[in-house]
$ cat input_9.pdb   # PDB, C-alpha atoms
ATOM      1  CA  MET A 305     -51.887  -4.700 172.590  1.00  0.00           C
ATOM      2  CA  TYR A 306     -53.739  -4.427 169.311  1.00  0.00           C
ATOM      3  CA  ARG A 307     -53.036  -6.543 166.237  1.00  0.00           C
ATOM      4  CA  PHE A 308     -54.402  -5.848 162.778  1.00  0.00           C
ATOM      5  CA  ILE A 309     -53.585  -5.744 159.088  1.00  0.00           C
ATOM      6  CA  ASP A 310     -52.735  -2.357 157.553  1.00  0.00           C
ATOM      7  CA  TYR A 311     -53.626  -0.721 154.231  1.00  0.00           C
ATOM      8  CA  TYR A 312     -50.866  -2.695 152.446  1.00  0.00           C
ATOM      9  CA  HIS A 313     -51.795  -6.008 154.128  1.00  0.00           C
ATOM     10  CA  ASN A 314     -48.865  -5.943 156.560  1.00  0.00           C
ATOM     11  CA  GLU A 315     -49.183  -7.199 160.127  1.00  0.00           C
ATOM     12  CA  VAL A 316     -49.218  -4.349 162.656  1.00  0.00           C
ATOM     13  CA  VAL A 317     -48.918  -4.592 166.440  1.00  0.00           C
ATOM     14  CA  LEU A 318     -49.734  -1.445 168.448  1.00  0.00           C
ATOM     15  CA  SER A 319     -49.074  -0.930 172.145  1.00  0.00           C
ATOM     16  CA  PHE A 320     -49.495   1.978 174.525  1.00  0.00           C
ATOM     17  CA  ASP A 321     -46.934   0.482 176.918  1.00  0.00           C
ATOM     18  CA  ASP A 322     -43.503   2.025 177.440  1.00  0.00           C
ATOM     19  CA  HIS A 323     -41.381   1.066 174.394  1.00  0.00           C
ATOM     20  CA  PRO A 324     -42.495  -2.577 174.136  1.00  0.00           C
ATOM     21  CA  PHE A 325     -40.742  -3.309 170.828  1.00  0.00           C
ATOM     22  CA  SER A 326     -37.591  -1.156 170.900  1.00  0.00           C
ATOM     23  CA  THR A 327     -35.895   1.346 173.183  1.00  0.00           C
ATOM     24  CA  ASP A 328     -34.207   2.773 170.085  1.00  0.00           C
ATOM     25  CA  PRO A 329     -36.823   2.937 167.300  1.00  0.00           C
ATOM     26  CA  LYS A 330     -35.806   4.308 163.915  1.00  0.00           C
ATOM     27  CA  HIS A 331     -39.130   5.969 163.025  1.00  0.00           C
ATOM     28  CA  VAL A 332     -41.511   8.488 164.610  1.00  0.00           C
ATOM     29  CA  TRP A 333     -45.069   9.714 164.035  1.00  0.00           C
ATOM     30  CA  VAL A 334     -46.420  12.848 165.731  1.00  0.00           C
ATOM     31  CA  VAL A 335     -50.109  13.624 166.204  1.00  0.00           C
ATOM     32  CA  CYS A 336     -50.216  17.427 166.518  1.00  0.00           C
ATOM     33  CA  ARG A 337     -52.630  20.116 167.719  1.00  0.00           C
ATOM     34  CA  TYR A 338     -52.322  23.825 167.017  1.00  0.00           C
ATOM     35  CA  GLN A 339     -54.885  26.381 168.181  1.00  0.00           C
ATOM     36  CA  ASN A 340     -57.465  23.648 168.868  1.00  0.00           C
ATOM     37  CA  LYS A 341     -57.070  22.124 165.399  1.00  0.00           C
ATOM     38  CA  TRP A 342     -55.313  19.018 164.140  1.00  0.00           C
ATOM     39  CA  LEU A 343     -52.026  19.925 162.433  1.00  0.00           C
ATOM     40  CA  LEU A 344     -51.129  17.665 159.535  1.00  0.00           C
ATOM     41  CA  THR A 345     -48.918  18.026 156.505  1.00  0.00           C
ATOM     42  CA  LYS A 346     -49.574  17.257 152.864  1.00  0.00           C
ATOM     43  CA  HIS A 347     -46.985  14.744 151.719  1.00  0.00           C
ATOM     44  CA  SER A 348     -46.012  15.191 148.070  1.00  0.00           C
ATOM     45  CA  ASP A 349     -46.898  11.578 147.198  1.00  0.00           C
ATOM     46  CA  ARG A 350     -49.113  10.203 149.967  1.00  0.00           C
ATOM     47  CA  GLY A 351     -51.478  13.066 150.826  1.00  0.00           C
ATOM     48  CA  TYR A 352     -52.571  14.382 154.220  1.00  0.00           C
ATOM     49  CA  GLU A 353     -50.869  12.832 157.236  1.00  0.00           C
ATOM     50  CA  PHE A 354     -49.456  13.717 160.612  1.00  0.00           C
ATOM     51  CA  PRO A 355     -45.731  14.533 160.478  1.00  0.00           C
ATOM     52  CA  GLY A 356     -43.145  11.848 161.016  1.00  0.00           C
ATOM     53  CA  GLY A 357     -40.148  10.109 159.586  1.00  0.00           C
ATOM     54  CA  LYS A 358     -36.832   8.492 160.271  1.00  0.00           C
ATOM     55  CA  VAL A 359     -34.588   9.006 163.266  1.00  0.00           C
ATOM     56  CA  GLU A 360     -31.236  10.290 162.015  1.00  0.00           C
ATOM     57  CA  GLU A 361     -27.833   9.158 163.218  1.00  0.00           C
ATOM     58  CA  ASN A 362     -26.885  10.605 166.645  1.00  0.00           C
ATOM     59  CA  GLU A 363     -30.500  11.663 167.249  1.00  0.00           C
ATOM     60  CA  THR A 364     -33.029  10.322 169.743  1.00  0.00           C
ATOM     61  CA  ALA A 365     -36.563   9.448 168.684  1.00  0.00           C
ATOM     62  CA  LEU A 366     -37.857  12.427 170.669  1.00  0.00           C
ATOM     63  CA  GLU A 367     -35.424  14.782 168.915  1.00  0.00           C
ATOM     64  CA  ALA A 368     -36.476  13.300 165.560  1.00  0.00           C
ATOM     65  CA  ALA A 369     -40.148  13.885 166.385  1.00  0.00           C
ATOM     66  CA  ILE A 370     -39.551  17.562 167.178  1.00  0.00           C
ATOM     67  CA  ARG A 371     -37.411  17.985 164.040  1.00  0.00           C
ATOM     68  CA  GLU A 372     -39.925  16.269 161.756  1.00  0.00           C
ATOM     69  CA  VAL A 373     -42.772  18.497 162.993  1.00  0.00           C
ATOM     70  CA  LYS A 374     -40.672  21.594 162.250  1.00  0.00           C
ATOM     71  CA  GLU A 375     -39.443  20.373 158.861  1.00  0.00           C
ATOM     72  CA  GLU A 376     -42.831  19.215 157.577  1.00  0.00           C
ATOM     73  CA  THR A 377     -45.175  21.838 159.044  1.00  0.00           C
ATOM     74  CA  GLY A 378     -43.095  24.758 160.371  1.00  0.00           C
ATOM     75  CA  GLY A 379     -44.508  23.911 163.800  1.00  0.00           C
ATOM     76  CA  ILE A 380     -42.597  24.780 166.947  1.00  0.00           C
ATOM     77  CA  VAL A 381     -43.364  22.149 169.585  1.00  0.00           C
ATOM     78  CA  ASP A 382     -44.631  23.427 172.923  1.00  0.00           C
ATOM     79  CA  THR A 383     -45.277  20.070 174.633  1.00  0.00           C
ATOM     80  CA  ILE A 384     -44.640  16.550 173.413  1.00  0.00           C
ATOM     81  CA  ASP A 385     -45.553  13.252 175.035  1.00  0.00           C
ATOM     82  CA  TYR A 386     -44.821   9.646 174.174  1.00  0.00           C
ATOM     83  CA  ILE A 387     -48.117   7.866 173.463  1.00  0.00           C
ATOM     84  CA  GLY A 388     -47.114   4.415 172.291  1.00  0.00           C
ATOM     85  CA  GLN A 389     -45.249   2.349 169.772  1.00  0.00           C
ATOM     86  CA  TYR A 390     -46.120   0.108 166.875  1.00  0.00           C
ATOM     87  CA  LYS A 391     -44.325  -2.314 164.643  1.00  0.00           C
ATOM     88  CA  VAL A 392     -45.109  -3.156 161.067  1.00  0.00           C
ATOM     89  CA  ARG A 393     -43.907  -6.465 159.698  1.00  0.00           C
ATOM     90  CA  GLY A 394     -43.562  -5.802 155.992  1.00  0.00           C
ATOM     91  CA  LYS A 395     -42.609  -8.175 153.245  1.00  0.00           C
ATOM     92  CA  GLU A 396     -38.911  -7.253 153.443  1.00  0.00           C
ATOM     93  CA  LYS A 397     -38.341  -5.663 156.866  1.00  0.00           C
ATOM     94  CA  MET A 398     -39.863  -4.708 160.185  1.00  0.00           C
ATOM     95  CA  ILE A 399     -40.339  -1.057 161.159  1.00  0.00           C
ATOM     96  CA  VAL A 400     -40.796   0.136 164.757  1.00  0.00           C
ATOM     97  CA  LYS A 401     -42.265   3.600 165.199  1.00  0.00           C
ATOM     98  CA  ASN A 402     -42.833   5.752 168.294  1.00  0.00           C
ATOM     99  CA  ILE A 403     -46.094   7.691 168.456  1.00  0.00           C
ATOM    100  CA  TYR A 404     -46.087  11.124 170.092  1.00  0.00           C
ATOM    101  CA  TYR A 405     -48.697  13.740 170.839  1.00  0.00           C
ATOM    102  CA  ALA A 406     -47.506  17.339 170.500  1.00  0.00           C
ATOM    103  CA  THR A 407     -49.031  20.729 171.058  1.00  0.00           C
ATOM    104  CA  ILE A 408     -47.647  23.429 168.815  1.00  0.00           C
ATOM    105  CA  LYS A 409     -47.006  26.940 170.088  1.00  0.00           C
ATOM    106  CA  GLU A 410     -46.237  28.584 166.748  1.00  0.00           C
ATOM    107  CA  LEU A 411     -46.332  27.899 163.012  1.00  0.00           C
ATOM    108  CA  ILE A 412     -43.467  29.447 161.100  1.00  0.00           C
ATOM    109  CA  THR A 413     -43.758  29.873 157.337  1.00  0.00           C
ATOM    110  CA  GLN A 414     -40.838  28.161 155.612  1.00  0.00           C
ATOM    111  CA  GLU A 415     -39.563  28.281 152.035  1.00  0.00           C
ATOM    112  CA  ASP A 416     -39.131  24.504 151.999  1.00  0.00           C
ATOM    113  CA  TYR A 417     -41.068  21.766 153.816  1.00  0.00           C
ATOM    114  CA  LEU A 418     -38.864  18.993 152.367  1.00  0.00           C
ATOM    115  CA  GLU A 419     -41.015  16.221 150.885  1.00  0.00           C
ATOM    116  CA  THR A 420     -44.253  17.916 151.967  1.00  0.00           C
ATOM    117  CA  TYR A 421     -46.281  20.946 150.945  1.00  0.00           C
ATOM    118  CA  GLY A 422     -46.447  22.273 154.481  1.00  0.00           C
ATOM    119  CA  PRO A 423     -49.118  22.567 157.177  1.00  0.00           C
ATOM    120  CA  ILE A 424     -52.758  21.542 156.915  1.00  0.00           C
ATOM    121  CA  LEU A 425     -55.125  22.501 159.751  1.00  0.00           C
ATOM    122  CA  LEU A 426     -58.330  20.521 160.280  1.00  0.00           C
ATOM    123  CA  GLU A 427     -61.129  21.071 162.790  1.00  0.00           C
ATOM    124  CA  GLU A 428     -61.576  17.313 162.924  1.00  0.00           C
ATOM    125  CA  ILE A 429     -60.314  14.160 161.265  1.00  0.00           C
ATOM    126  CA  PRO A 430     -63.099  12.959 158.932  1.00  0.00           C
ATOM    127  CA  HIS A 431     -65.074   9.869 159.967  1.00  0.00           C
ATOM    128  CA  ASN A 432     -64.456   8.368 156.531  1.00  0.00           C
ATOM    129  CA  VAL A 433     -60.698   8.968 156.535  1.00  0.00           C
ATOM    130  CA  GLN A 434     -60.073   5.338 155.539  1.00  0.00           C
ATOM    131  CA  LYS A 435     -61.903   5.907 152.245  1.00  0.00           C
ATOM    132  CA  ASN A 436     -60.824   9.498 151.630  1.00  0.00           C
ATOM    133  CA  ARG A 437     -58.234   9.705 148.835  1.00  0.00           C
ATOM    134  CA  GLN A 438     -56.832  12.987 150.155  1.00  0.00           C
ATOM    135  CA  PHE A 439     -55.358  11.134 153.131  1.00  0.00           C
ATOM    136  CA  SER A 440     -52.173   9.067 153.262  1.00  0.00           C
ATOM    137  CA  PHE A 441     -52.234   5.307 153.807  1.00  0.00           C
ATOM    138  CA  ILE A 442     -50.632   6.059 157.203  1.00  0.00           C
ATOM    139  CA  MET A 443     -53.967   7.570 158.276  1.00  0.00           C
ATOM    140  CA  LYS A 444     -56.062   4.572 157.176  1.00  0.00           C
ATOM    141  CA  ASP A 445     -55.582   1.967 159.858  1.00  0.00           C
ATOM    142  CA  GLU A 446     -56.185   1.280 163.522  1.00  0.00           C
ATOM    143  CA  VAL A 447     -53.022   3.127 164.621  1.00  0.00           C
ATOM    144  CA  LEU A 448     -54.720   6.453 163.889  1.00  0.00           C
ATOM    145  CA  LEU A 449     -58.048   5.529 165.478  1.00  0.00           C
ATOM    146  CA  LYS A 450     -56.561   3.987 168.624  1.00  0.00           C
ATOM    147  CA  SER A 451     -54.030   6.823 169.005  1.00  0.00           C
ATOM    148  CA  LEU A 452     -56.743   9.477 168.730  1.00  0.00           C
ATOM    149  CA  GLU A 453     -58.788   7.628 171.360  1.00  0.00           C
ATOM    150  CA  ARG A 454     -55.770   7.504 173.663  1.00  0.00           C
ATOM    151  CA  ILE A 455     -54.934  11.187 173.135  1.00  0.00           C
ATOM    152  CA  LYS A 456     -58.514  12.243 173.823  1.00  0.00           C
ATOM    153  CA  GLN A 457     -58.569  10.191 177.038  1.00  0.00           C
ATOM    154  CA  ARG A 458     -55.259  11.549 178.293  1.00  0.00           C
ATOM    155  CA  PHE A 459     -55.091  15.111 177.005  1.00  0.00           C
ATOM    156  CA  LEU A 460     -58.304  16.431 175.486  1.00  0.00           C
ATOM    157  CA  THR A 461     -61.882  16.988 176.525  1.00  0.00           C
ATOM    158  CA  ASN A 462     -64.776  17.855 174.245  1.00  0.00           C
ATOM    159  CA  VAL A 463     -62.737  17.529 171.055  1.00  0.00           C
ATOM    160  CA  SER A 464     -63.913  16.078 167.763  1.00  0.00           C
ATOM    161  CA  GLY A 465     -61.317  13.962 166.052  1.00  0.00           C
ATOM    162  CA  SER A 466     -62.640  11.071 164.082  1.00  0.00           C
TER
END

$ encode --input "input_9.pdb" --output "structure tokens"
Amino acid sequence: MYRFIDYYHNEVVLSFDDHPFSTDPKHVWVVCRYQNKWLLTKHSDRGYEFPGGKVEENETALEAAIREVKEETGGIVDTIDYIGQYKVRGKEKMIVKNIYYATIKELITQEDYLETYGPILLEEIPHNVQKNRQFSFIMKDEVLLKSLERIKQRFLTNVSGS
């Protein structure tokens, strides 16, 4: 388990164990690859980030992850794997989020990407992502770095990422 303070000074606990904080989390975050590139989205307020969001009523976290990728990037998931889970203890509430790794088989152009401007493809995640204003706060803490390490160990070889 990893403990740290995030961009907004909240306590974060990250684990790569099987659902250590909740078997029914209400949020998801999906690290995506498409054609050997990282697939992100550009959020209308926050900037570049991997897709994610809230689990809707009568939806599993896995279903939410697949839906969020499609809504925010137009990506059609080929494979998706649970990577880990983290919890953020904010000032008013605690959020538990599943982390997934997905490979995308196709990008479909959409008229609307909801609160995002659609897909962003990057050869690699910049080393200075924490200081880069183009990137969302979600990309600026240990969750990203540790998740990329885990994904590279489990799924990728010879890939640049951070």

$ resolve_selection --input "input_9.pdb" --expression "the PyMOL selection byres ((chain A and resi 421) around 9)" --output "list in words"
Thr345, Lys346, His347, Ser348, Glu376, Thr377, Asp416, Tyr417, Leu418, Glu419, Thr420, Gly422, Pro423 and Ile424 of chain A

$ residues_around --input "input_9.pdb" --residues "segment 394-396 of chain A" --least-positions-apart "5" --cutoff "12 Å" --atoms "all atoms listed in the file" --output "ChimeraX atom specification"
/A:309-317

$ residues_around --input "input_9.pdb" --residues "segment 362-366 of chain A" --least-positions-apart "3" --cutoff "12 Å" --atoms "only C-alpha atoms" --output "ChimeraX atom specification"
/A:323,326-334,356-359,369-373,381,383-387,389,400-406

$ residues_around --input "input_9.pdb" --residues "Asn436 of chain A" --least-positions-apart "5" --cutoff "12 Å" --atoms "only C-alpha atoms" --output "JSON, numbers by chain"
{"A": [350, 351, 352, 353, 429, 430, 431, 441, 443, 444]}

$ atom_distance --input "input_9.pdb" --atom1 "atom CA of Glu410 of chain A" --atom2 "atom CA of Cys336 of chain A"
11.8 Å
